[in-house]
>>> print(open('input13.cif').read())   # mmCIF, C-alpha atoms and all ligand atoms
data_protein
#
loop_
_atom_site.label_atom_id
_atom_site.label_comp_id
_atom_site.auth_asym_id
_atom_site.auth_seq_id
_atom_site.Cartn_x
_atom_site.Cartn_y
_atom_site.Cartn_z
CA MET A 111 0.00 0.00 0.00
CA SER A 112 1.15 3.57 -0.61
CA THR A 113 -0.29 7.06 -0.81
CA SER A 114 -1.15 8.38 -4.25
CA PRO A 115 -4.66 9.74 -4.03
CA ILE A 116 -5.15 11.25 -7.52
CA VAL A 117 -7.90 9.18 -9.07
CA ARG A 118 -9.77 10.52 -12.06
CA HIS A 119 -10.66 7.42 -14.00
CA ILE A 120 -11.07 3.84 -12.80
CA GLY A 121 -11.52 0.60 -14.67
CA ILE A 122 -13.73 -2.12 -13.22
CA LEU A 123 -13.86 -5.82 -14.04
CA THR A 124 -15.30 -9.09 -12.77
CA SER A 125 -13.10 -12.16 -13.02
CA GLY A 126 -13.18 -15.87 -12.18
CA GLY A 127 -16.43 -17.68 -11.39
CA ASP A 128 -19.35 -15.24 -11.29
CA SER A 129 -21.26 -14.79 -8.06
CA PRO A 130 -24.64 -13.28 -7.17
CA GLY A 131 -24.09 -9.68 -6.07
CA MET A 132 -21.31 -8.84 -8.51
CA ASN A 133 -23.68 -6.45 -10.29
CA ALA A 134 -24.56 -4.76 -7.01
CA ALA A 135 -20.82 -4.25 -6.41
CA ILE A 136 -20.34 -2.79 -9.91
CA ARG A 137 -23.31 -0.48 -9.40
CA ALA A 138 -22.03 0.76 -6.04
CA THR A 139 -18.52 1.35 -7.39
CA VAL A 140 -19.76 3.26 -10.44
CA ARG A 141 -22.13 5.45 -8.44
CA CYS A 142 -19.63 6.18 -5.67
CA ALA A 143 -17.04 7.04 -8.30
CA ALA A 144 -19.48 9.42 -10.03
CA VAL A 145 -20.32 11.14 -6.74
CA ASN A 146 -16.58 11.81 -6.37
CA GLY A 147 -16.22 13.10 -9.94
CA ILE A 148 -14.40 9.95 -11.12
CA ARG A 149 -15.09 8.36 -14.51
CA THR A 150 -15.60 4.59 -14.68
CA THR A 151 -14.90 2.28 -17.57
CA GLY A 152 -16.20 -1.28 -17.55
CA ILE A 153 -13.77 -3.94 -18.77
CA LEU A 154 -15.53 -6.81 -20.50
CA GLY A 155 -14.82 -10.50 -19.87
CA GLY A 156 -12.44 -10.19 -16.92
CA TYR A 157 -8.72 -9.72 -17.52
CA ASN A 158 -9.24 -10.84 -21.14
CA GLY A 159 -10.96 -7.51 -21.69
CA LEU A 160 -7.93 -5.64 -20.41
CA VAL A 161 -5.53 -7.70 -22.51
CA GLY A 162 -7.66 -7.32 -25.65
CA ASP A 163 -8.95 -3.79 -24.94
CA HIS A 164 -12.68 -4.58 -24.72
CA THR A 165 -14.25 -1.83 -22.67
CA ARG A 166 -17.34 0.33 -22.33
CA PRO A 167 -17.97 3.53 -20.38
CA LEU A 168 -20.15 3.08 -17.30
CA GLY A 169 -22.13 5.96 -15.83
CA PRO A 170 -24.60 5.92 -12.96
CA ARG A 171 -27.58 5.24 -15.28
CA ASP A 172 -25.79 2.37 -17.05
CA VAL A 173 -26.02 0.37 -13.83
CA SER A 174 -29.73 1.03 -13.25
CA ASN A 175 -31.87 -2.06 -12.73
CA THR A 176 -28.88 -4.27 -11.92
CA ILE A 177 -28.86 -4.57 -8.12
CA GLN A 178 -31.26 -7.52 -8.26
CA ARG A 179 -29.61 -9.34 -11.18
CA GLY A 180 -27.41 -12.42 -10.80
CA GLY A 181 -24.35 -13.04 -12.98
CA THR A 182 -22.27 -10.09 -14.09
CA ILE A 183 -23.19 -7.45 -16.66
CA LEU A 184 -19.45 -7.14 -17.44
CA ARG A 185 -19.14 -10.89 -18.04
CA SER A 186 -16.33 -12.93 -16.56
CA ALA A 187 -13.55 -15.35 -17.46
CA ARG A 188 -10.53 -17.16 -16.11
CA SER A 189 -7.97 -15.54 -18.40
CA GLU A 190 -5.08 -17.66 -19.67
CA ASP A 191 -3.51 -14.67 -21.47
CA PHE A 192 -3.29 -12.67 -18.27
CA ARG A 193 -1.20 -15.45 -16.71
CA THR A 194 1.63 -14.51 -19.07
CA ALA A 195 3.95 -11.50 -18.66
CA GLU A 196 3.13 -10.49 -22.24
CA GLY A 197 -0.60 -10.53 -21.49
CA ARG A 198 -0.11 -8.40 -18.40
CA SER A 199 1.97 -5.88 -20.39
CA LYS A 200 -0.92 -5.58 -22.86
CA ALA A 201 -3.33 -5.13 -19.94
CA ALA A 202 -1.21 -2.32 -18.48
CA ALA A 203 -0.98 -0.72 -21.94
CA THR A 204 -4.79 -0.76 -22.24
CA MET A 205 -5.06 1.06 -18.94
CA ARG A 206 -2.51 3.66 -20.05
CA LYS A 207 -4.25 4.11 -23.41
CA HIS A 208 -7.57 4.91 -21.72
CA GLY A 209 -5.97 6.99 -18.99
CA MET A 210 -7.21 4.73 -16.20
CA ASP A 211 -5.35 5.47 -12.97
CA ALA A 212 -6.71 2.51 -11.00
CA LEU A 213 -8.65 -0.70 -11.26
CA VAL A 214 -11.41 -2.27 -9.17
CA ALA A 215 -11.26 -6.06 -9.55
CA ILE A 216 -14.18 -8.15 -8.32
CA GLY A 217 -13.43 -11.86 -7.91
CA GLY A 218 -11.66 -14.49 -5.85
CA ASP A 219 -8.12 -15.59 -5.09
CA GLY A 220 -7.13 -16.01 -8.77
CA THR A 221 -8.35 -12.48 -9.51
CA PHE A 222 -6.32 -11.01 -6.66
CA THR A 223 -3.24 -13.06 -7.45
CA GLY A 224 -3.35 -11.50 -10.93
CA ALA A 225 -3.93 -8.01 -9.52
CA ASN A 226 -1.01 -8.41 -7.15
CA VAL A 227 1.34 -9.39 -9.99
CA LEU A 228 0.06 -6.51 -12.14
CA PHE A 229 0.93 -4.09 -9.34
CA LYS A 230 4.38 -5.61 -8.85
CA GLU A 231 5.22 -5.58 -12.57
CA HIS A 232 3.53 -2.38 -13.72
CA GLY A 233 2.67 -0.42 -10.56
CA THR A 234 -1.04 -0.66 -11.42
CA ARG A 235 -3.17 0.41 -8.50
CA VAL A 236 -5.85 -2.20 -7.88
CA ILE A 237 -8.39 -2.61 -5.14
CA GLY A 238 -10.29 -5.86 -4.83
CA ILE A 239 -13.85 -6.73 -3.88
CA PRO A 240 -14.31 -10.36 -2.80
CA GLY A 241 -16.82 -11.85 -5.24
CA THR A 242 -16.98 -15.63 -5.06
CA ILE A 243 -19.54 -18.11 -3.78
CA ASP A 244 -16.74 -20.07 -2.07
CA ASN A 245 -16.23 -17.70 0.92
CA ASP A 246 -12.60 -18.78 1.10
CA LEU A 247 -10.85 -15.40 1.28
CA ALA A 248 -9.12 -14.19 4.41
CA GLY A 249 -9.85 -10.51 5.11
CA THR A 250 -13.64 -10.70 5.02
CA ASP A 251 -16.19 -12.64 7.05
CA MET A 252 -18.29 -13.24 3.95
CA THR A 253 -17.61 -12.97 0.25
CA VAL A 254 -20.21 -11.51 -2.13
CA GLY A 255 -22.34 -14.39 -3.43
CA TYR A 256 -21.79 -16.88 -0.63
CA ASP A 257 -25.03 -16.13 1.20
CA THR A 258 -27.12 -16.47 -1.95
CA ALA A 259 -25.34 -19.68 -2.95
CA ILE A 260 -25.91 -21.41 0.40
CA ASN A 261 -29.54 -20.32 0.46
CA THR A 262 -30.04 -21.70 -3.04
CA ALA A 263 -28.33 -24.97 -2.14
CA VAL A 264 -30.28 -25.39 1.11
CA GLU A 265 -33.53 -24.80 -0.75
CA ALA A 266 -32.55 -27.65 -3.08
CA ILE A 267 -31.54 -29.87 -0.14
CA ASP A 268 -34.94 -29.26 1.51
CA ARG A 269 -36.59 -30.54 -1.66
CA ILE A 270 -34.32 -33.57 -1.77
CA ARG A 271 -35.23 -34.31 1.85
CA ASP A 272 -38.91 -34.56 0.87
CA THR A 273 -38.24 -37.27 -1.66
CA ALA A 274 -35.51 -38.95 0.42
CA SER A 275 -37.85 -39.43 3.36
CA SER A 276 -40.74 -40.53 1.15
CA HIS A 277 -38.60 -43.35 -0.28
CA ASP A 278 -36.38 -44.16 2.74
CA ARG A 279 -33.29 -43.29 0.72
CA LEU A 280 -29.71 -42.32 1.40
CA PHE A 281 -28.82 -39.24 -0.65
CA PHE A 282 -25.39 -37.87 -1.48
CA VAL A 283 -25.76 -34.22 -2.44
CA GLU A 284 -22.78 -32.55 -4.08
CA VAL A 285 -22.33 -28.82 -3.65
CA MET A 286 -19.66 -26.52 -5.09
CA GLY A 287 -16.25 -26.01 -3.52
CA ARG A 288 -13.28 -27.34 -5.44
CA ASP A 289 -10.77 -26.30 -2.78
CA THR A 290 -12.85 -25.40 0.25
CA GLY A 291 -15.82 -26.68 2.22
CA PHE A 292 -17.47 -23.47 3.41
CA ILE A 293 -20.54 -24.05 1.25
CA ALA A 294 -20.73 -27.73 2.16
CA LEU A 295 -20.42 -27.23 5.91
CA ALA A 296 -23.01 -24.44 6.04
CA CYS A 297 -25.40 -26.48 3.89
CA ALA A 298 -24.91 -29.57 6.03
CA VAL A 299 -25.82 -27.77 9.25
CA ALA A 300 -28.61 -25.62 7.77
CA GLY A 301 -29.97 -28.47 5.64
CA GLY A 302 -30.07 -30.93 8.57
CA ALA A 303 -27.69 -33.42 6.97
CA GLU A 304 -26.13 -36.42 8.71
CA PHE A 305 -22.57 -35.96 7.49
CA VAL A 306 -20.35 -33.66 5.46
CA LEU A 307 -17.26 -34.30 3.36
CA VAL A 308 -14.97 -31.34 2.62
CA PRO A 309 -11.61 -30.94 0.85
CA GLU A 310 -9.90 -29.74 4.04
CA ARG A 311 -10.51 -32.97 6.00
CA LEU A 312 -9.68 -36.50 5.05
CA GLU A 313 -12.63 -38.64 6.20
CA HIS A 314 -12.38 -42.35 5.68
CA ILE A 315 -15.28 -44.07 4.01
CA GLU A 316 -15.34 -46.46 6.98
CA GLU A 317 -16.08 -43.56 9.35
CA LEU A 318 -18.87 -42.38 7.11
CA VAL A 319 -20.29 -45.89 6.89
CA THR A 320 -20.17 -46.25 10.68
CA ALA A 321 -21.98 -42.93 11.13
CA LEU A 322 -24.58 -43.86 8.53
CA GLY A 323 -24.98 -47.30 10.09
CA LYS A 324 -25.74 -45.68 13.45
CA ALA A 325 -28.19 -43.27 11.84
CA SER A 326 -29.99 -46.08 10.00
CA GLY A 327 -30.90 -47.63 13.37
CA THR A 328 -33.28 -44.76 14.09
CA LYS A 329 -33.74 -42.98 10.77
CA SER A 330 -35.22 -44.20 7.52
CA SER A 331 -33.46 -41.65 5.30
CA SER A 332 -30.20 -39.72 5.44
CA ILE A 333 -28.45 -36.92 3.58
CA VAL A 334 -24.70 -36.55 3.17
CA ILE A 335 -23.36 -33.25 1.80
CA VAL A 336 -20.27 -33.68 -0.38
CA ALA A 337 -18.11 -30.75 -1.46
CA GLU A 338 -17.07 -31.28 -5.09
CA GLY A 339 -13.37 -31.17 -4.17
CA GLU A 340 -13.44 -33.58 -1.21
CA GLN A 341 -10.75 -36.21 -1.19
CA GLU A 342 -12.73 -39.34 -2.12
CA GLY A 343 -13.49 -38.09 -5.64
CA GLY A 344 -16.91 -36.41 -5.42
CA ALA A 345 -20.43 -37.56 -4.66
CA PHE A 346 -20.67 -40.34 -7.26
CA ASP A 347 -17.42 -41.97 -6.09
CA VAL A 348 -18.38 -41.67 -2.44
CA ALA A 349 -21.80 -43.19 -3.16
CA ARG A 350 -20.20 -46.09 -5.05
CA LYS A 351 -17.78 -46.80 -2.20
CA VAL A 352 -20.49 -46.60 0.46
CA LYS A 353 -22.70 -48.96 -1.55
CA GLN A 354 -19.98 -51.62 -1.30
CA HIS A 355 -20.26 -51.45 2.49
CA MET A 356 -24.04 -51.01 2.60
CA PRO A 357 -25.44 -53.10 -0.27
CA ALA A 358 -28.99 -52.89 1.03
CA ALA A 359 -29.05 -49.08 1.08
CA ASP A 360 -31.20 -47.39 -1.55
CA ILE A 361 -28.73 -44.71 -2.66
CA ARG A 362 -29.18 -41.70 -4.92
CA VAL A 363 -26.81 -38.89 -5.92
CA SER A 364 -27.76 -35.32 -6.71
CA VAL A 365 -25.27 -32.72 -7.96
CA ILE A 366 -26.56 -29.19 -7.46
CA GLY A 367 -23.81 -27.63 -9.59
CA HIS A 368 -23.99 -24.22 -11.21
CA ILE A 369 -27.54 -23.57 -10.01
CA GLN A 370 -25.74 -22.31 -6.87
CA ARG A 371 -23.98 -19.60 -8.86
CA GLY A 372 -27.03 -18.04 -10.50
CA GLY A 373 -30.10 -16.14 -9.41
CA ALA A 374 -30.95 -12.88 -7.70
CA PRO A 375 -28.60 -11.97 -4.87
CA SER A 376 -29.92 -12.19 -1.31
CA VAL A 377 -30.41 -9.04 0.75
CA GLN A 378 -27.23 -9.91 2.66
CA ASP A 379 -25.23 -10.10 -0.58
CA ARG A 380 -26.72 -6.85 -1.92
CA LEU A 381 -25.83 -5.06 1.31
CA LEU A 382 -22.30 -6.44 1.38
CA ALA A 383 -21.69 -5.68 -2.30
CA SER A 384 -23.06 -2.16 -1.96
CA ARG A 385 -20.86 -1.45 1.04
CA LEU A 386 -17.77 -2.87 -0.59
CA GLY A 387 -18.31 -0.99 -3.88
CA VAL A 388 -18.32 2.26 -1.92
CA ALA A 389 -15.38 1.04 0.19
CA ALA A 390 -13.36 0.31 -2.96
CA VAL A 391 -13.66 3.91 -4.16
CA ASP A 392 -13.16 5.32 -0.65
CA GLY A 393 -10.02 3.20 -0.35
CA LEU A 394 -8.56 4.36 -3.66
CA LEU A 395 -9.23 7.99 -2.74
CA ALA A 396 -7.48 7.44 0.58
CA GLY A 397 -4.43 6.00 -1.19
CA THR A 398 -5.10 2.32 -0.49
CA HIS A 399 -4.39 -0.19 -3.24
CA ASP A 400 -2.95 -3.66 -3.80
CA ALA A 401 -5.52 -4.66 -1.18
CA MET A 402 -8.97 -6.19 -0.85
CA ALA A 403 -11.89 -4.43 0.83
CA GLY A 404 -13.81 -6.69 3.19
CA VAL A 405 -16.14 -6.57 6.17
CA ILE A 406 -14.87 -8.07 9.41
CA ASN A 407 -17.09 -7.98 12.51
CA GLY A 408 -19.30 -5.39 10.83
CA GLN A 409 -16.45 -3.02 9.93
CA VAL A 410 -14.93 -2.32 6.52
CA GLN A 411 -11.27 -3.31 6.48
CA TYR A 412 -8.59 -3.42 3.79
CA THR A 413 -6.34 -6.47 3.65
CA PRO A 414 -3.23 -6.47 1.43
CA PHE A 415 -3.62 -8.95 -1.45
CA ASP A 416 -0.57 -10.86 -0.21
CA LYS A 417 -2.40 -11.62 3.03
CA ALA A 418 -5.87 -12.14 1.55
CA ILE A 419 -4.63 -14.79 -0.86
CA GLY A 420 -1.66 -16.11 1.11
CA LYS A 421 -3.48 -16.93 4.32
CA ARG A 422 -6.01 -19.70 4.03
CA LYS A 423 -9.31 -19.08 5.78
CA THR A 424 -10.15 -22.08 7.93
CA LEU A 425 -13.46 -23.80 8.47
CA ASP A 426 -15.08 -23.33 11.86
CA ALA A 427 -14.24 -26.54 13.74
CA ASP A 428 -17.15 -25.95 16.09
CA LEU A 429 -19.62 -26.22 13.20
CA PHE A 430 -18.46 -29.81 12.62
CA ARG A 431 -19.18 -30.53 16.29
CA VAL A 432 -22.60 -28.87 16.00
CA LEU A 433 -23.36 -30.97 12.94
CA SER A 434 -22.39 -34.22 14.65
CA ILE A 435 -24.56 -33.39 17.68
CA LEU A 436 -27.56 -32.40 15.59
CA ALA A 437 -27.24 -35.44 13.33
CA THR A 438 -27.93 -37.82 16.25
O1 LIG B 1 -14.83 -20.53 -7.49
C1 LIG B 1 -16.20 -20.61 -7.62
C2 LIG B 1 -16.61 -21.97 -8.14
O2 LIG B 1 -18.01 -21.96 -8.30
C3 LIG B 1 -16.16 -23.16 -7.31
O3 LIG B 1 -16.97 -23.44 -6.21
C4 LIG B 1 -16.21 -24.24 -8.35
O4 LIG B 1 -15.33 -25.28 -8.00
C5 LIG B 1 -15.73 -23.56 -9.60
O5 LIG B 1 -16.04 -22.19 -9.42
C6 LIG B 1 -16.36 -24.04 -10.87
O6 LIG B 1 -15.80 -23.33 -11.92
P1 LIG B 1 -16.31 -23.38 -13.41
O7 LIG B 1 -17.62 -22.64 -13.48
O8 LIG B 1 -15.23 -22.71 -14.18
O9 LIG B 1 -16.50 -24.82 -13.76
#
>>> encode(input="input13.cif", output="structure tokens", more="lines below")
Ligand code: F6P
Amino acid sequence: MSTSPIVRHIGILTSGGDSPGMNAAIRATVRCAAVNGIRTTGILGGYNGLVGDHTRPLGPRDVSNTIQRGGTILRSARSEDFRTAEGRSKAAATMRKHGMDALVAIGGDGTFTGANVLFKEHGTRVIGIPGTIDNDLAGTDMTVGYDTAINTAVEAIDRIRDTASSHDRLFFVEVMGRDTGFIALACAVAGGAEFVLVPERLEHIEELVTALGKASGTKSSSIVIVAEGEQEGGAFDVARKVKQHMPAADIRVSVIGHIQRGGAPSVQDRLLASRLGVAAVDGLLAGTHDAMAGVINGQVQYTPFDKAIGKRKTLDADLFRVLSILAT
């Protein structure tokens, strides 16, 4: 971070997997910039738009009617070109060409890793807004999109419970989370599941089978939440392995998938995104950059990218305990 508060023109992009509330964050950034006499240019398709110079001006009225929309009006991508030094030089040249003095990047750890390298190589001032359903970034209690995603997933799990209990079935429900189990753990507790499998913890199939065996003594149906990146290979593999131990069980698998990423953002996500869009502009005006704006214990805080991406946020161990008590 350093002090260099002259900001006349900012670029804004969304990168990585989209998340509900990204539009609310764009809207808040654009409007807060305008209030401060700063121009905003939208960069289309994530870092690809910077590399290839695909942009459009964004004024306060261009973001009307977007606070309630899922996805991202700027579109998103995981840019391969931006991973190369040549791609990043082109990106910096695009910013110079348009006279952009700073960038607001909305995304997850990949987005901020890229922003951090852009700053180190080209001195580009970037401030980040955490936009990912995974909730895996240090420096904020919640990421924009997480609340909507877990609500969507739990709604689906409630529906699965209806049919699971009607047929006395054992369901394995896969939720998103390639590297982290925040979605899975929250869904397991809030969805009343019996067990959860997450990438951060190695659970042996035998333990799962023992737990399910105990549950089957008193329950006719069970639900296991499986994060897509857990270590046994995903819900289908887990189900196949469990079937070998429990041949009589009537097992079904349901993968919720990208449904979790779409849809109108929840009130919580709209509030968070709106606050962080304003915080991004406030931060740039105060000379903060190479950092992510987040909300910790109700307060806006800026965490340097190095820390936000370098320090892994850990799952709440107590939630596992709560789950195991409530699953009895
Ligand atoms: O990072 C967000 C996320 O939704 C992860 O939970 C998931 O593993 C991944 O993106 C899926 O990415 P894609 O849409 O590129 O398949």
>>> residues_near_point(input="input13.cif", point="(-7.6, -16.1, -7.3)", cutoff="10 Å", atoms="all atoms listed in the file", output="PyMOL selection string")
chain A and resi 125-127+188+217-225+240+242+247+418-419
>>> closest_residue(input="input13.cif", among="A:Gly233, A:Gly397, A:Pro130, A:Gly301", to="Met205 (chain A)", atoms="only C-alpha atoms")
A:Gly233
>>> closest_atom_pairs(input="input13.cif", of="chain A", to="ligand LIG 1 (chain B)", cutoff="10 Å", atoms="only C-alpha atoms and all ligand atoms", output="CSV")
residue,atom,partner,partner_atom,distance
A:Gly126,CA,B:LIG1,O1,6.8
A:Gly127,CA,B:LIG1,C1,4.8
A:Asp128,CA,B:LIG1,C1,7.2
A:Ser129,CA,B:LIG1,C1,7.7
A:Ala187,CA,B:LIG1,O8,8.2
A:Arg188,CA,B:LIG1,O8,7.5
A:Gly217,CA,B:LIG1,O1,8.8
A:Gly218,CA,B:LIG1,O1,7.0
A:Asp219,CA,B:LIG1,O1,8.7
A:Gly220,CA,B:LIG1,O1,9.0
A:Gly241,CA,B:LIG1,C1,9.1
A:Thr242,CA,B:LIG1,C1,5.7
A:Ile243,CA,B:LIG1,C1,5.7
A:Asp244,CA,B:LIG1,O3,5.3
A:Asn245,CA,B:LIG1,O1,9.0
A:Asp246,CA,B:LIG1,O1,9.0
A:Gly255,CA,B:LIG1,C1,9.7
A:Tyr256,CA,B:LIG1,C1,9.7
A:Ala259,CA,B:LIG1,O2,9.4
A:Val285,CA,B:LIG1,O3,8.0
A:Met286,CA,B:LIG1,O3,4.2
A:Gly287,CA,B:LIG1,O3,3.8
A:Arg288,CA,B:LIG1,O4,3.9
A:Asp289,CA,B:LIG1,O4,7.0
A:Thr290,CA,B:LIG1,O3,7.9
A:Gly291,CA,B:LIG1,O3,9.1
A:Phe292,CA,B:LIG1,O3,9.6
A:Ile293,CA,B:LIG1,O3,8.3
A:Ala337,CA,B:LIG1,O3,8.8
A:Glu338,CA,B:LIG1,O4,6.9
A:Gly339,CA,B:LIG1,O4,7.3
A:Gly367,CA,B:LIG1,O2,8.2
A:His368,CA,B:LIG1,O7,6.9
A:Ile369,CA,B:LIG1,O2,9.8
A:Gln370,CA,B:LIG1,O2,7.9
A:Arg371,CA,B:LIG1,O2,6.4
>>> residues_around(input="input13.cif", residues="Ala135 (chain A)", least_positions_apart="5", cutoff="12 Å", atoms="all atoms listed in the file", output="VMD selection string")
chain A and resid 122 to 124 129 to 130 140 to 142 173 176 to 184 214 to 217 238 to 241 253 to 255 375 379 to 391 403
>>> atom_distance(input="input13.cif", atom1="CA of Ser376 (chain A)", atom2="CA of Asp257 (chain A)")
6.8 Å
>>> residues_near_point(input="input13.cif", point="(-28.6, -31.3, 5.5)", cutoff="12 Å", atoms="all atoms listed in the file", output="PDB file with C-alpha atoms, in the coordinates of the input")
ATOM      1  CA  ILE A 260     -25.910 -21.410   0.400  1.00  0.00           C
ATOM      2  CA  ALA A 263     -28.330 -24.970  -2.140  1.00  0.00           C
ATOM      3  CA  VAL A 264     -30.280 -25.390   1.110  1.00  0.00           C
ATOM      4  CA  GLU A 265     -33.530 -24.800  -0.750  1.00  0.00           C
ATOM      5  CA  ALA A 266     -32.550 -27.650  -3.080  1.00  0.00           C
ATOM      6  CA  ILE A 267     -31.540 -29.870  -0.140  1.00  0.00           C
ATOM      7  CA  ASP A 268     -34.940 -29.260   1.510  1.00  0.00           C
ATOM      8  CA  ARG A 269     -36.590 -30.540  -1.660  1.00  0.00           C
ATOM      9  CA  ILE A 270     -34.320 -33.570  -1.770  1.00  0.00           C
ATOM     10  CA  ARG A 271     -35.230 -34.310   1.850  1.00  0.00           C
ATOM     11  CA  ASP A 272     -38.910 -34.560   0.870  1.00  0.00           C
ATOM     12  CA  ALA A 274     -35.510 -38.950   0.420  1.00  0.00           C
ATOM     13  CA  LEU A 280     -29.710 -42.320   1.400  1.00  0.00           C
ATOM     14  CA  PHE A 281     -28.820 -39.240  -0.650  1.00  0.00           C
ATOM     15  CA  PHE A 282     -25.390 -37.870  -1.480  1.00  0.00           C
ATOM     16  CA  VAL A 283     -25.760 -34.220  -2.440  1.00  0.00           C
ATOM     17  CA  GLU A 284     -22.780 -32.550  -4.080  1.00  0.00           C
ATOM     18  CA  VAL A 285     -22.330 -28.820  -3.650  1.00  0.00           C
ATOM     19  CA  ILE A 293     -20.540 -24.050   1.250  1.00  0.00           C
ATOM     20  CA  ALA A 294     -20.730 -27.730   2.160  1.00  0.00           C
ATOM     21  CA  LEU A 295     -20.420 -27.230   5.910  1.00  0.00           C
ATOM     22  CA  ALA A 296     -23.010 -24.440   6.040  1.00  0.00           C
ATOM     23  CA  CYS A 297     -25.400 -26.480   3.890  1.00  0.00           C
ATOM     24  CA  ALA A 298     -24.910 -29.570   6.030  1.00  0.00           C
ATOM     25  CA  VAL A 299     -25.820 -27.770   9.250  1.00  0.00           C
ATOM     26  CA  ALA A 300     -28.610 -25.620   7.770  1.00  0.00           C
ATOM     27  CA  GLY A 301     -29.970 -28.470   5.640  1.00  0.00           C
ATOM     28  CA  GLY A 302     -30.070 -30.930   8.570  1.00  0.00           C
ATOM     29  CA  ALA A 303     -27.690 -33.420   6.970  1.00  0.00           C
ATOM     30  CA  GLU A 304     -26.130 -36.420   8.710  1.00  0.00           C
ATOM     31  CA  PHE A 305     -22.570 -35.960   7.490  1.00  0.00           C
ATOM     32  CA  VAL A 306     -20.350 -33.660   5.460  1.00  0.00           C
ATOM     33  CA  LEU A 307     -17.260 -34.300   3.360  1.00  0.00           C
ATOM     34  CA  SER A 331     -33.460 -41.650   5.300  1.00  0.00           C
ATOM     35  CA  SER A 332     -30.200 -39.720   5.440  1.00  0.00           C
ATOM     36  CA  ILE A 333     -28.450 -36.920   3.580  1.00  0.00           C
ATOM     37  CA  VAL A 334     -24.700 -36.550   3.170  1.00  0.00           C
ATOM     38  CA  ILE A 335     -23.360 -33.250   1.800  1.00  0.00           C
ATOM     39  CA  VAL A 336     -20.270 -33.680  -0.380  1.00  0.00           C
ATOM     40  CA  LEU A 433     -23.360 -30.970  12.940  1.00  0.00           C
ATOM     41  CA  SER A 434     -22.390 -34.220  14.650  1.00  0.00           C
ATOM     42  CA  LEU A 436     -27.560 -32.400  15.590  1.00  0.00           C
ATOM     43  CA  ALA A 437     -27.240 -35.440  13.330  1.00  0.00           C
TER      44      ALA A 437
END
>>> atom_distance(input="input13.cif", atom1="CA of His399 (chain A)", atom2="CA of Asn175 (chain A)")
29.1 Å
>>> closest_residue(input="input13.cif", among="A:Thr250, A:Asn146, A:Asp191, A:Asp392", to="Asn407 (chain A)", atoms="only C-alpha atoms")
A:Thr250
>>> atom_distance(input="input13.cif", atom1="CA of Glu231 (chain A)", atom2="CA of Asn158 (chain A)")
17.6 Å
>>> closest_residue(input="input13.cif", among="A:Ala134, A:Glu342, A:Lys207, A:Leu228", to="Ala195 (chain A)", atoms="all atoms listed in the file")
A:Leu228
